[in-house]
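Asks: Data: final-v4.csv, CSV, C-alpha atoms and all ligand atoms.
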```
chain,number,residue,atom,x,y,z
A,1030,MET,CA,0.0,0.0,0.0
A,1031,ASN,CA,1.0,3.6,-0.6
A,1032,LEU,CA,3.1,4.8,2.3
A,1033,VAL,CA,1.1,8.0,2.8
A,1034,TRP,CA,-2.1,6.0,3.4
A,1035,GLU,CA,-0.3,3.5,5.7
A,1036,THR,CA,1.0,6.4,7.8
A,1037,TYR,CA,-2.4,8.0,7.9
A,1038,PHE,CA,-4.1,4.8,9.1
A,1039,GLN,CA,-1.4,4.2,11.6
A,1040,SER,CA,-1.6,7.7,13.1
A,1041,LYS,CA,-5.4,7.4,13.5
A,1042,LEU,CA,-5.0,4.1,15.2
A,1043,SER,CA,-2.3,5.4,17.5
A,1044,SER,CA,-4.5,8.3,18.7
A,1045,LEU,CA,-7.4,5.8,19.4
A,1046,ILE,CA,-5.0,3.7,21.5
A,1047,GLU,CA,-3.8,6.9,23.3
A,1048,THR,CA,-7.4,7.8,24.4
A,1049,SER,CA,-8.3,4.2,25.2
A,1050,GLN,CA,-10.8,4.2,22.4
A,1051,HIS,CA,-9.1,1.5,20.3
A,1052,ARG,CA,-11.2,-1.6,19.7
A,1053,LYS,CA,-10.2,-5.2,19.0
A,1054,LEU,CA,-12.0,-8.2,17.7
A,1055,MET,CA,-12.0,-11.0,20.3
A,1056,GLU,CA,-12.9,-14.5,19.5
A,1057,THR,CA,-15.9,-15.9,21.4
A,1058,GLU,CA,-16.4,-19.7,20.8
A,1059,HIS,CA,-20.0,-19.6,22.0
A,1060,ALA,CA,-22.3,-16.8,23.2
A,1061,GLU,CA,-25.8,-18.0,22.6
A,1062,GLN,CA,-26.3,-19.3,26.2
A,1063,ALA,CA,-26.3,-17.7,29.7
A,1064,TRP,CA,-22.7,-18.6,30.0
A,1065,LEU,CA,-20.4,-18.0,27.0
A,1066,VAL,CA,-17.0,-19.5,26.2
A,1067,ARG,CA,-14.0,-17.4,25.4
A,1068,ASN,CA,-10.4,-18.7,25.2
A,1069,GLY,CA,-11.8,-22.0,26.4
A,1070,LYS,CA,-13.0,-20.2,29.6
A,1071,LYS,CA,-16.6,-20.0,30.8
A,1072,LEU,CA,-17.9,-16.5,31.5
A,1073,LEU,CA,-21.3,-15.4,32.7
A,1074,ASN,CA,-22.8,-13.7,29.6
A,1075,LEU,CA,-23.9,-10.2,30.6
A,1076,ALA,CA,-22.8,-8.9,27.2
A,1077,SER,CA,-25.3,-10.1,24.6
A,1078,ASN,CA,-28.6,-8.9,23.2
A,1079,ASN,CA,-30.0,-12.4,23.1
A,1080,TYR,CA,-32.4,-11.4,25.9
A,1081,LEU,CA,-34.7,-14.4,25.7
A,1082,GLY,CA,-32.1,-17.0,24.7
A,1083,LEU,CA,-33.9,-17.6,21.4
A,1084,ALA,CA,-30.6,-17.6,19.4
A,1085,GLY,CA,-29.8,-21.0,20.8
A,1086,ASP,CA,-33.4,-22.4,20.8
A,1087,GLU,CA,-33.8,-25.8,19.2
A,1088,GLN,CA,-37.2,-24.9,17.6
A,1089,LEU,CA,-35.7,-21.9,15.8
A,1090,LYS,CA,-32.7,-24.0,14.6
A,1091,GLU,CA,-35.2,-26.6,13.2
A,1092,ALA,CA,-37.3,-23.9,11.5
A,1093,ALA,CA,-34.1,-22.5,9.9
A,1094,ILE,CA,-33.0,-25.9,8.7
A,1095,GLU,CA,-36.4,-26.7,7.3
A,1096,ALA,CA,-36.6,-23.4,5.4
A,1097,THR,CA,-33.1,-23.8,4.1
A,1098,LYS,CA,-33.9,-27.3,2.8
A,1099,LYS,CA,-37.0,-26.1,1.0
A,1100,TYR,CA,-35.6,-22.8,-0.5
A,1101,GLY,CA,-31.8,-23.0,-0.3
A,1102,THR,CA,-29.2,-20.9,1.4
A,1103,GLY,CA,-29.3,-17.6,-0.4
A,1104,GLY,CA,-31.9,-14.9,-0.9
A,1105,VAL,CA,-30.9,-15.1,-4.7
A,1106,ALA,CA,-32.0,-11.6,-5.6
A,1107,SER,CA,-33.6,-8.4,-4.3
A,1108,ARG,CA,-37.2,-8.9,-3.1
A,1109,LEU,CA,-38.3,-6.6,-6.0
A,1110,VAL,CA,-36.6,-8.9,-8.5
A,1111,VAL,CA,-37.2,-12.7,-7.8
A,1112,GLY,CA,-36.3,-12.8,-4.1
A,1113,ASN,CA,-39.8,-12.4,-2.7
A,1114,TYR,CA,-40.6,-15.9,-1.5
A,1115,PRO,CA,-43.9,-16.9,0.1
A,1116,LEU,CA,-42.0,-16.9,3.4
A,1117,HIS,CA,-41.7,-13.1,3.3
A,1118,GLU,CA,-45.4,-12.6,2.7
A,1119,GLU,CA,-46.5,-15.1,5.2
A,1120,ILE,CA,-44.2,-13.7,8.0
A,1121,GLU,CA,-45.2,-10.1,7.1
A,1122,GLN,CA,-48.9,-11.1,7.7
A,1123,ARG,CA,-47.9,-12.6,11.1
A,1124,ILE,CA,-46.1,-9.4,11.9
A,1125,CYS,CA,-49.2,-7.4,11.1
A,1126,ALA,CA,-51.3,-9.6,13.4
A,1127,TRP,CA,-48.6,-9.3,16.2
A,1128,LYS,CA,-48.2,-5.6,15.9
A,1129,GLU,CA,-51.9,-4.9,15.1
A,1130,THR,CA,-51.0,-2.8,12.1
A,1131,GLU,CA,-52.1,-2.4,8.5
A,1132,LYS,CA,-48.8,-3.3,6.8
A,1133,ALA,CA,-45.4,-4.7,7.6
A,1134,LEU,CA,-42.1,-4.9,5.6
A,1135,ILE,CA,-39.2,-7.2,6.4
A,1136,VAL,CA,-35.8,-5.7,5.8
A,1137,ASN,CA,-32.3,-7.0,6.2
A,1138,SER,CA,-31.2,-5.5,9.5
A,1139,GLY,CA,-32.0,-2.8,12.0
A,1140,TYR,CA,-29.2,-0.7,10.7
A,1141,THR,CA,-30.4,-0.8,7.1
A,1142,ALA,CA,-34.0,-0.3,8.3
A,1143,ASN,CA,-33.2,3.0,10.0
A,1144,VAL,CA,-30.7,4.3,7.4
A,1145,GLY,CA,-33.0,3.4,4.5
A,1146,ALA,CA,-36.4,4.4,6.0
A,1147,ILE,CA,-35.2,7.8,7.3
A,1148,SER,CA,-33.4,8.7,4.1
A,1149,ALA,CA,-36.5,7.8,2.1
A,1150,LEU,CA,-39.0,9.6,4.4
A,1151,VAL,CA,-37.2,13.0,4.5
A,1152,ASN,CA,-34.9,15.1,2.3
A,1153,ARG,CA,-32.9,18.3,2.5
A,1154,HIS,CA,-36.1,20.4,2.7
A,1155,ASP,CA,-37.3,18.6,5.8
A,1156,ILE,CA,-36.4,18.6,9.5
A,1157,VAL,CA,-35.7,15.6,11.8
A,1158,PHE,CA,-36.0,15.9,15.5
A,1159,SER,CA,-33.9,13.2,17.2
A,1160,ASP,CA,-33.1,12.3,20.8
A,1161,LYS,CA,-29.5,12.8,21.6
A,1162,LEU,CA,-29.0,9.2,22.7
A,1163,ASN,CA,-30.7,7.6,19.6
A,1164,HIS,CA,-28.8,4.7,18.0
A,1165,ALA,CA,-26.1,5.4,15.5
A,1166,SER,CA,-28.2,3.9,12.6
A,1167,ILE,CA,-30.8,6.7,13.2
A,1168,VAL,CA,-28.1,9.3,13.1
A,1169,ASP,CA,-26.6,7.9,9.9
A,1170,GLY,CA,-30.1,7.8,8.3
A,1171,ILE,CA,-30.6,11.5,9.1
A,1172,VAL,CA,-27.1,12.4,7.8
A,1173,LEU,CA,-27.7,10.5,4.6
A,1174,SER,CA,-31.2,12.1,4.1
A,1175,GLY,CA,-29.6,15.6,4.0
A,1176,ALA,CA,-32.5,16.8,6.2
A,1177,GLU,CA,-31.9,19.5,8.9
A,1178,HIS,CA,-30.9,17.6,12.0
A,1179,LYS,CA,-32.2,18.9,15.4
A,1180,ARG,CA,-31.0,16.8,18.4
A,1181,TYR,CA,-33.0,17.3,21.5
A,1182,ARG,CA,-31.6,16.6,25.0
A,1183,HIS,CA,-32.2,13.1,26.1
A,1184,ASN,CA,-35.9,12.5,26.9
A,1185,ASP,CA,-36.3,16.3,27.3
A,1186,LEU,CA,-39.7,17.0,25.8
A,1187,GLU,CA,-39.6,20.7,26.7
A,1188,HIS,CA,-36.5,21.0,24.7
A,1189,LEU,CA,-38.1,19.1,21.8
A,1190,GLU,CA,-41.2,21.4,21.9
A,1191,LYS,CA,-39.0,24.4,21.8
A,1192,LEU,CA,-37.2,23.1,18.7
A,1193,LEU,CA,-40.6,22.2,17.1
A,1194,LYS,CA,-42.0,25.6,17.8
A,1195,SER,CA,-39.0,27.4,16.3
A,1196,ALA,CA,-39.3,25.4,13.0
A,1197,LYS,CA,-41.1,26.9,10.1
A,1198,ILE,CA,-44.7,25.7,10.1
A,1199,GLU,CA,-44.7,24.6,6.4
A,1200,LYS,CA,-41.6,22.4,6.9
A,1201,ARG,CA,-42.2,18.6,7.0
A,1202,LYS,CA,-41.1,17.3,10.4
A,1203,LEU,CA,-40.1,13.8,11.5
A,1204,ILE,CA,-39.6,12.9,15.2
A,1205,VAL,CA,-37.6,9.7,15.8
A,1206,THR,CA,-36.7,7.9,19.0
A,1207,ASP,CA,-35.5,4.6,20.4
A,1208,THR,CA,-38.2,3.2,22.8
A,1209,ILE,CA,-35.6,1.7,25.1
A,1210,PHE,CA,-32.2,3.3,24.9
A,1211,SER,CA,-29.5,0.8,24.0
A,1212,MET,CA,-26.7,2.1,26.3
A,1213,ASP,CA,-28.8,3.5,29.2
A,1214,GLY,CA,-31.7,1.0,29.5
A,1215,ASP,CA,-34.2,3.8,30.1
A,1216,LYS,CA,-37.5,4.4,28.2
A,1217,ALA,CA,-38.7,7.1,25.9
A,1218,HIS,CA,-41.8,9.1,27.0
A,1219,LEU,CA,-44.1,7.9,24.1
A,1220,GLU,CA,-47.3,9.5,25.3
A,1221,ASP,CA,-45.7,12.9,25.4
A,1222,LEU,CA,-44.1,12.3,22.0
A,1223,VAL,CA,-47.5,11.4,20.5
A,1224,MET,CA,-49.0,14.6,22.0
A,1225,LEU,CA,-46.2,16.7,20.5
A,1226,LYS,CA,-46.3,15.1,17.1
A,1227,GLU,CA,-50.0,15.7,16.9
A,1228,LYS,CA,-49.7,19.3,18.0
A,1229,TYR,CA,-47.0,20.1,15.5
A,1230,GLY,CA,-48.2,17.9,12.6
A,1231,ALA,CA,-45.0,15.8,12.6
A,1232,LEU,CA,-44.5,12.1,11.7
A,1233,LEU,CA,-43.4,9.9,14.6
A,1234,MET,CA,-41.1,6.9,14.1
A,1235,VAL,CA,-40.0,4.6,17.0
A,1236,ASP,CA,-37.2,2.1,17.1
A,1237,GLU,CA,-38.2,-1.0,19.2
A,1238,ALA,CA,-34.8,-2.8,18.9
A,1239,HIS,CA,-34.4,-3.4,22.6
A,1240,ALA,CA,-38.1,-3.7,23.5
A,1241,GLY,CA,-39.4,-6.0,20.8
A,1242,GLY,CA,-40.1,-9.5,22.0
A,1243,ILE,CA,-40.2,-8.3,25.6
A,1244,TYR,CA,-42.4,-5.3,26.4
A,1245,GLY,CA,-46.0,-4.6,25.5
A,1246,ARG,CA,-48.9,-6.9,24.6
A,1247,ASN,CA,-47.6,-10.2,23.2
A,1248,GLY,CA,-44.1,-8.7,23.3
A,1249,ALA,CA,-44.9,-6.4,20.4
A,1250,GLY,CA,-42.9,-3.6,21.8
A,1251,LEU,CA,-43.0,-0.8,24.4
A,1252,ALA,CA,-45.6,1.2,22.3
A,1253,HIS,CA,-47.9,-1.8,22.7
A,1254,GLU,CA,-48.1,-1.4,26.5
A,1255,CYS,CA,-51.1,0.7,25.4
A,1256,PRO,CA,-52.9,-0.3,22.1
A,1257,GLN,CA,-54.2,3.2,21.5
A,1258,LEU,CA,-50.6,4.6,21.9
A,1259,ALA,CA,-49.3,2.0,19.4
A,1260,LYS,CA,-51.9,3.1,16.9
A,1261,SER,CA,-51.0,6.8,17.2
A,1262,ILE,CA,-47.4,6.1,16.3
A,1263,ASP,CA,-46.9,6.4,12.5
A,1264,ILE,CA,-44.0,4.1,11.9
A,1265,HIS,CA,-42.7,1.3,14.1
A,1266,MET,CA,-39.3,-0.2,13.4
A,1267,GLY,CA,-37.9,-3.2,15.3
A,1268,THR,CA,-35.4,-5.9,14.9
A,1269,PHE,CA,-35.2,-9.7,14.9
A,1270,SER,CA,-31.6,-9.6,15.9
A,1271,LYS,CA,-31.9,-9.0,19.6
A,1272,ALA,CA,-34.6,-10.6,21.8
A,1273,MET,CA,-35.9,-12.5,18.8
A,1274,GLY,CA,-32.6,-14.3,18.4
A,1275,CYS,CA,-32.4,-14.2,14.6
A,1276,TYR,CA,-31.4,-11.4,12.2
A,1277,GLY,CA,-33.2,-8.8,10.2
A,1278,ALA,CA,-35.8,-6.2,11.0
A,1279,TYR,CA,-39.3,-4.9,10.2
A,1280,ILE,CA,-41.0,-1.7,9.6
A,1281,THR,CA,-44.7,-1.3,10.1
A,1282,GLY,CA,-47.2,1.5,9.3
A,1283,SER,CA,-50.1,2.4,7.0
A,1284,ALA,CA,-50.5,0.6,3.6
A,1285,VAL,CA,-49.5,3.7,1.7
A,1286,CYS,CA,-46.5,4.4,3.9
A,1287,ILE,CA,-45.1,0.9,3.4
A,1288,GLU,CA,-45.8,1.0,-0.3
A,1289,TYR,CA,-43.9,4.3,-0.4
A,1290,LEU,CA,-40.9,2.7,1.4
A,1291,ILE,CA,-40.9,-0.3,-1.0
A,1292,ASN,CA,-40.6,2.1,-3.9
A,1293,THR,CA,-38.1,4.5,-2.4
A,1294,MET,CA,-36.0,2.9,0.3
A,1295,ARG,CA,-32.6,2.3,-1.3
A,1296,SER,CA,-31.4,-0.1,1.4
A,1297,PHE,CA,-34.4,-2.3,0.6
A,1298,ILE,CA,-34.3,-2.0,-3.2
A,1299,PHE,CA,-30.6,-2.5,-3.7
A,1300,THR,CA,-29.9,-5.5,-1.5
A,1301,THR,CA,-30.4,-9.2,-1.7
A,1302,ALA,CA,-33.3,-10.6,0.4
A,1303,LEU,CA,-32.6,-12.3,3.7
A,1304,PRO,CA,-31.6,-16.0,3.5
A,1305,PRO,CA,-34.6,-18.4,3.8
A,1306,GLY,CA,-33.2,-20.0,6.9
A,1307,THR,CA,-33.3,-16.7,8.7
A,1308,LEU,CA,-36.9,-16.1,7.6
A,1309,GLY,CA,-37.8,-19.6,8.9
A,1310,ALA,CA,-36.3,-18.8,12.3
A,1311,ILE,CA,-38.0,-15.4,12.4
A,1312,GLY,CA,-41.4,-16.9,11.8
A,1313,LYS,CA,-40.8,-19.4,14.7
A,1314,ALA,CA,-39.5,-16.6,17.0
A,1315,ILE,CA,-42.7,-14.5,16.5
A,1316,ASP,CA,-44.9,-17.5,17.3
A,1317,ILE,CA,-42.9,-18.3,20.5
A,1318,VAL,CA,-42.9,-14.7,21.7
A,1319,ARG,CA,-46.6,-14.3,21.1
A,1320,LYS,CA,-47.5,-17.5,22.9
A,1321,ASP,CA,-45.1,-17.7,25.8
A,1322,GLU,CA,-44.9,-15.0,28.4
A,1323,THR,CA,-42.8,-16.8,31.0
A,1324,ASP,CA,-39.4,-15.8,29.6
A,1325,ARG,CA,-40.5,-12.2,29.1
A,1326,TYR,CA,-41.6,-11.9,32.7
A,1327,ARG,CA,-38.5,-13.7,33.9
A,1328,LEU,CA,-36.3,-11.2,32.0
A,1329,ILE,CA,-38.1,-8.2,33.5
A,1330,GLU,CA,-37.7,-9.8,37.0
A,1331,ASN,CA,-34.0,-10.5,36.4
A,1332,GLY,CA,-33.5,-6.9,35.4
A,1333,ARG,CA,-35.3,-5.6,38.5
A,1334,TYR,CA,-33.1,-7.9,40.8
A,1335,PHE,CA,-29.9,-6.9,39.1
A,1336,ARG,CA,-30.6,-3.1,39.0
A,1337,THR,CA,-31.6,-3.1,42.7
A,1338,ALA,CA,-28.5,-5.0,43.8
A,1339,LEU,CA,-26.1,-2.7,41.9
A,1340,GLN,CA,-27.9,0.4,43.0
A,1341,GLU,CA,-28.0,-0.6,46.7
A,1342,ALA,CA,-24.2,-1.2,46.4
A,1343,GLY,CA,-23.8,2.4,45.4
A,1344,PHE,CA,-23.2,2.1,41.7
A,1345,HIS,CA,-24.4,4.9,39.4
A,1346,ILE,CA,-26.7,3.1,37.0
A,1347,GLY,CA,-28.2,6.2,35.3
A,1348,ASP,CA,-32.0,6.0,34.7
A,1349,SER,CA,-32.2,2.4,33.8
A,1350,THR,CA,-35.6,0.7,34.4
A,1351,THR,CA,-35.0,-2.3,32.2
A,1352,HIS,CA,-32.8,-5.4,31.6
A,1353,ILE,CA,-30.1,-3.1,30.2
A,1354,VAL,CA,-28.1,-1.8,33.2
A,1355,PRO,CA,-25.1,0.5,32.7
A,1356,VAL,CA,-22.6,1.1,35.4
A,1357,ILE,CA,-21.2,4.5,34.6
A,1358,VAL,CA,-17.6,4.9,35.6
A,1359,GLY,CA,-16.5,8.0,33.6
A,1360,SER,CA,-13.2,7.7,32.0
A,1361,ASN,CA,-12.3,5.3,29.1
A,1362,GLU,CA,-9.4,3.9,31.1
A,1363,ALA,CA,-11.5,3.1,34.2
A,1364,ALA,CA,-14.2,1.4,32.0
A,1365,LEU,CA,-11.6,-0.7,30.2
A,1366,ARG,CA,-9.9,-1.7,33.5
A,1367,PHE,CA,-13.2,-2.6,35.0
A,1368,SER,CA,-14.3,-4.9,32.1
A,1369,MET,CA,-10.9,-6.5,32.2
A,1370,LYS,CA,-11.2,-7.3,35.9
A,1371,LEU,CA,-14.7,-8.6,35.3
A,1372,GLN,CA,-13.4,-11.0,32.6
A,1373,GLU,CA,-10.7,-12.3,35.0
A,1374,ALA,CA,-13.5,-12.8,37.6
A,1375,GLY,CA,-15.6,-14.9,35.1
A,1376,ILE,CA,-18.0,-12.2,33.8
A,1377,ALA,CA,-18.3,-11.0,30.2
A,1378,ALA,CA,-19.5,-7.4,30.1
A,1379,ILE,CA,-18.3,-4.8,27.7
A,1380,ALA,CA,-16.7,-1.4,28.3
A,1381,ILE,CA,-18.7,1.1,26.2
A,1382,ARG,CA,-16.8,4.3,25.3
A,1383,PRO,CA,-17.3,7.3,23.0
A,1384,PRO,CA,-18.4,7.6,20.3
A,1385,THR,CA,-21.0,5.0,21.3
A,1386,VAL,CA,-21.8,7.1,24.5
A,1387,PRO,CA,-21.0,10.8,25.3
A,1388,GLN,CA,-17.5,11.8,26.5
A,1389,HIS,CA,-16.8,11.2,30.2
A,1390,SER,CA,-19.7,8.7,30.5
A,1391,SER,CA,-17.9,5.5,29.7
A,1392,ARG,CA,-19.5,2.6,31.3
A,1393,ILE,CA,-19.9,-1.1,31.6
A,1394,ARG,CA,-23.1,-2.1,29.8
A,1395,PHE,CA,-24.6,-5.1,31.5
A,1396,ALA,CA,-27.5,-6.9,29.9
A,1397,VAL,CA,-29.3,-9.7,31.8
A,1398,THR,CA,-31.2,-12.4,30.0
A,1399,ALA,CA,-34.2,-14.6,30.8
A,1400,GLN,CA,-31.8,-17.5,31.0
A,1401,HIS,CA,-29.9,-16.2,34.0
A,1402,THR,CA,-30.8,-18.0,37.2
A,1403,ASN,CA,-31.0,-16.2,40.6
A,1404,ASN,CA,-27.8,-17.9,41.5
A,1405,ASP,CA,-26.0,-16.6,38.4
A,1406,LEU,CA,-27.1,-13.0,39.2
A,1407,GLN,CA,-26.3,-13.2,42.9
A,1408,TRP,CA,-22.9,-14.6,42.1
A,1409,ALA,CA,-22.3,-11.9,39.5
A,1410,THR,CA,-23.4,-9.0,41.7
A,1411,GLN,CA,-21.1,-10.1,44.5
A,1412,ARG,CA,-18.1,-10.0,42.1
A,1413,ILE,CA,-19.1,-6.8,40.5
A,1414,VAL,CA,-19.4,-5.1,43.9
A,1415,GLN,CA,-16.0,-6.4,45.0
A,1416,ILE,CA,-14.3,-5.1,41.8
A,1417,GLY,CA,-16.2,-1.8,42.1
A,1418,LYS,CA,-14.6,-1.4,45.6
A,1419,GLU,CA,-11.1,-2.4,44.4
A,1420,GLU,CA,-11.4,0.1,41.6
A,1421,GLY,CA,-12.7,2.9,43.8
A,1422,VAL,CA,-15.9,3.1,41.7
A,1423,ILE,CA,-18.0,2.6,44.9
A,1424,SER,CA,-16.8,2.9,48.5
B,1501,LIG,C1,-29.0,-2.8,17.5
B,1501,LIG,C2,-29.8,-1.6,17.1
B,1501,LIG,C3,-30.1,-1.4,15.8
B,1501,LIG,C4,-29.5,-2.2,14.7
B,1501,LIG,O1,-30.1,-3.4,14.6
B,1501,LIG,P1,-29.3,-4.6,13.8
B,1501,LIG,O2,-30.4,-5.6,13.5
B,1501,LIG,O3,-28.3,-5.1,14.8
B,1501,LIG,O4,-28.7,-4.0,12.6
B,1501,LIG,C5,-30.9,-0.3,15.5
B,1501,LIG,N1,-31.5,0.4,16.5
B,1501,LIG,C6,-31.2,0.2,17.8
B,1501,LIG,C7,-31.8,1.1,18.8
B,1501,LIG,C8,-30.3,-0.8,18.2
B,1501,LIG,O5,-30.0,-1.0,19.4
```
How does the structure come out when it is put into structure tokens?
Ligand SMILES: *Cc1c(COP(=O)(O)O)cnc(C)c1O
Replies:
Amino acid sequence: MNLVWETYFQSKLSSLIETSQHRKLMETEHAEQAWLVRNGKKLLNLASNNYLGLAGDEQLKEAAIEATKKYGTGGVASRLVVGNYPLHEEIEQRICAWKETEKALIVNSGYTANVGAISALVNRHDIVFSDKLNHASIVDGIVLSGAEHKRYRHNDLEHLEKLLKSAKIEKRKLIVTDTIFSMDGDKAHLEDLVMLKEKYGALLMVDEAHAGGIYGRNGAGLAHECPQLAKSIDIHMGTFSKAMGCYGAYITGSAVCIEYLINTMRSFIFTTALPPGTLGAIGKAIDIVRKDETDRYRLIENGRYFRTALQEAGFHIGDSTTHIVPVIVGSNEAALRFSMKLQEAGIAAIAIRPPTVPQHSSRIRFAVTAQHTNNDLQWATQRIVQIGKEEGVIS
């Protein structure tokens, strides 16, 4: 490679190392269970988004194998060409029933759903109002759209209203938010957002990536805690990659909105359809989540136990009210050292640093799952508290 480029890459990497922001790929032999295996060592898995354990579920594996045997391993073409198998249509109907919505569209990932949908919905003449802690894929979608980007302070609806008020009345407005924030584990104030979007004639889109499969009626998402609320939200997006244990994502909304996206969303048009095996597993995951509430309740209970234990020990867990529990330590170095010590003690949990979270709020992001037993969590919190004391994070 040209020496100028090599030097450029090397200097960027060096500055990342200097600020403890450098990242490395680490091999994990298994991570689909409550305990994962890394370097041959068993670690309690508090690092995955496989919240219900469905990624290792035998019924999902069988459904994936069955669909693969019937249709092959590849999506073969874009859905608009010849990649639109009956599996797509059938699962989209199941999503409609699950989400109680007019239309649903399966897309390839949560990332491409947000990037594609937002850049299709708005353009450089429009304004997007986005929570400061929204996921990177939302930010990227807004940047790609060329729309004016107004970031409101996290969950600060007064700030949002001020921004809405100061925008020209004739401008088209989109409000977008995560329903459960991925690095903080707190919830968006959906009722207030609906009130504001109605008052200012905006479109409201929600991202249920961390709530789908867990919260709301039949695990349909946080918005579905109240059916009327769900109906008032224009566009719902959610993923099959987290609690659902598969891969891929969905967007739901009115028939005309989904037809518009099918015709304009470039990350949908110019990509190969999901592999049939993945679709088979998705169908099964939806069935399981709709039928079986035990694991969802268990997850919520595990979250409550874990949060309470850490909070009582004196940790700063932000505003978490869910199964995602951050322990905020501040500096990048402190977060890295904490996660290293956790690993030595038999716990896998990741140090999250900027740009994933704001400067000086580096943290350990713990995520409990429905598979964790009371013993697992009790054992883990004891070790976390001990390390917290050694590191001076708590006294
Ligand atoms: C993980 C995540 C995504 C991306 O979903 P993938 O299916 O992993 O691409 C989008 N939005 C939020 C809020 C997420 O946490």
Asks: Taking (-45.8, 9.1, 17.6) in the coordinates of the supplied file, I want to know which residues reach to within 8 Å of it, counting all atoms listed in the file; could you give the answer as a ChimeraX atom specification?
Replies: /A:1204,1219-1220,1222-1224,1226-1227,1232-1235,1258,1261-1264
Asks: Give one line per residue of chain A that approaches ligand LIG 1501 (chain B) to at most 8 Å, naming the two atoms of the closest pair and their distance in Å to one decimal, counting only C-alpha atoms and all ligand atoms; sort by chain then ascending residue number and deliver it as JSON lines.
Replies:
```
{"residue": "A:Asn1137", "atom": "CA", "partner": "B:LIG1501", "partner_atom": "O2", "distance": 7.7}
{"residue": "A:Ser1138", "atom": "CA", "partner": "B:LIG1501", "partner_atom": "O2", "distance": 4.1}
{"residue": "A:Gly1139", "atom": "CA", "partner": "B:LIG1501", "partner_atom": "O1", "distance": 3.3}
{"residue": "A:Tyr1140", "atom": "CA", "partner": "B:LIG1501", "partner_atom": "O4", "distance": 3.8}
{"residue": "A:Thr1141", "atom": "CA", "partner": "B:LIG1501", "partner_atom": "O4", "distance": 6.6}
{"residue": "A:Ala1142", "atom": "CA", "partner": "B:LIG1501", "partner_atom": "O4", "distance": 7.8}
{"residue": "A:Asn1143", "atom": "CA", "partner": "B:LIG1501", "partner_atom": "C5", "distance": 6.8}
{"residue": "A:Asn1163", "atom": "CA", "partner": "B:LIG1501", "partner_atom": "C7", "distance": 6.6}
{"residue": "A:His1164", "atom": "CA", "partner": "B:LIG1501", "partner_atom": "C7", "distance": 4.8}
{"residue": "A:Ala1165", "atom": "CA", "partner": "B:LIG1501", "partner_atom": "N1", "distance": 7.4}
{"residue": "A:Ser1166", "atom": "CA", "partner": "B:LIG1501", "partner_atom": "C5", "distance": 5.8}
{"residue": "A:Ile1167", "atom": "CA", "partner": "B:LIG1501", "partner_atom": "N1", "distance": 7.1}
{"residue": "A:Asp1207", "atom": "CA", "partner": "B:LIG1501", "partner_atom": "C7", "distance": 5.3}
{"residue": "A:Thr1208", "atom": "CA", "partner": "B:LIG1501", "partner_atom": "C7", "distance": 7.8}
{"residue": "A:Ile1209", "atom": "CA", "partner": "B:LIG1501", "partner_atom": "C7", "distance": 7.4}
{"residue": "A:Phe1210", "atom": "CA", "partner": "B:LIG1501", "partner_atom": "C7", "distance": 6.5}
{"residue": "A:Ser1211", "atom": "CA", "partner": "B:LIG1501", "partner_atom": "O5", "distance": 5.0}
{"residue": "A:Asp1236", "atom": "CA", "partner": "B:LIG1501", "partner_atom": "C7", "distance": 5.7}
{"residue": "A:Glu1237", "atom": "CA", "partner": "B:LIG1501", "partner_atom": "C7", "distance": 6.7}
{"residue": "A:Ala1238", "atom": "CA", "partner": "B:LIG1501", "partner_atom": "C6", "distance": 4.8}
{"residue": "A:His1239", "atom": "CA", "partner": "B:LIG1501", "partner_atom": "O5", "distance": 5.9}
{"residue": "A:Gly1267", "atom": "CA", "partner": "B:LIG1501", "partner_atom": "N1", "distance": 7.4}
{"residue": "A:Thr1268", "atom": "CA", "partner": "B:LIG1501", "partner_atom": "O2", "distance": 5.2}
{"residue": "A:Phe1269", "atom": "CA", "partner": "B:LIG1501", "partner_atom": "O2", "distance": 6.5}
{"residue": "A:Ser1270", "atom": "CA", "partner": "B:LIG1501", "partner_atom": "O2", "distance": 4.8}
{"residue": "A:Lys1271", "atom": "CA", "partner": "B:LIG1501", "partner_atom": "O2", "distance": 7.1}
{"residue": "A:Tyr1276", "atom": "CA", "partner": "B:LIG1501", "partner_atom": "O2", "distance": 6.0}
{"residue": "A:Gly1277", "atom": "CA", "partner": "B:LIG1501", "partner_atom": "O2", "distance": 5.4}
{"residue": "A:Ala1278", "atom": "CA", "partner": "B:LIG1501", "partner_atom": "O2", "distance": 6.0}
```
Asks: Can you tell me how far CA of Asp1221 in chain A sits from CA of Ser1195 in chain A, in Å to one decimal?
Replies: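 Separation between CA of Asp1221 in chain A and CA of Ser1195 in chain A: 18.4 Å.
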Asks: Just the number, please: distance in Å from CA of Val1414 in chain A to CA of Asn1361 in chain A, one decimal.
Replies: 19.4 Å
Asks: May I ask for the distance between CA of Ala1252 in chain A and CA of Ile1291 in chain A, given in Å to one decimal place?
Replies: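 Between these atoms lies a distance of 23.8 Å.
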Asks: Pick out the closest residue to His1401 in chain A from this set: A:Arg1327, A:Lys1191, A:His1154, A:Lys1053. Count all atoms listed in the file.
Replies: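 Smallest separation from His1401 in chain A among the options: A:Arg1327.
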Asks: If you count only C-alpha atoms, which residues fall within 9 Å of Gln1388 in chain A, apart from same-chain ones fewer than 6 positions away, as a list in words?
Replies: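 Here the qualifying residues turn out to be Gly1359, Ser1360, Asn1361 and Arg1382 of chain A.
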Asks: Using only C-alpha atoms - which residues lie no farther than 9 Å from the point (-34.6, 3.6, 0.8) in the file's frame? Write them as a VMD selection string.
Replies: chain A and resid 1141 to 1142 1144 to 1150 1290 to 1299
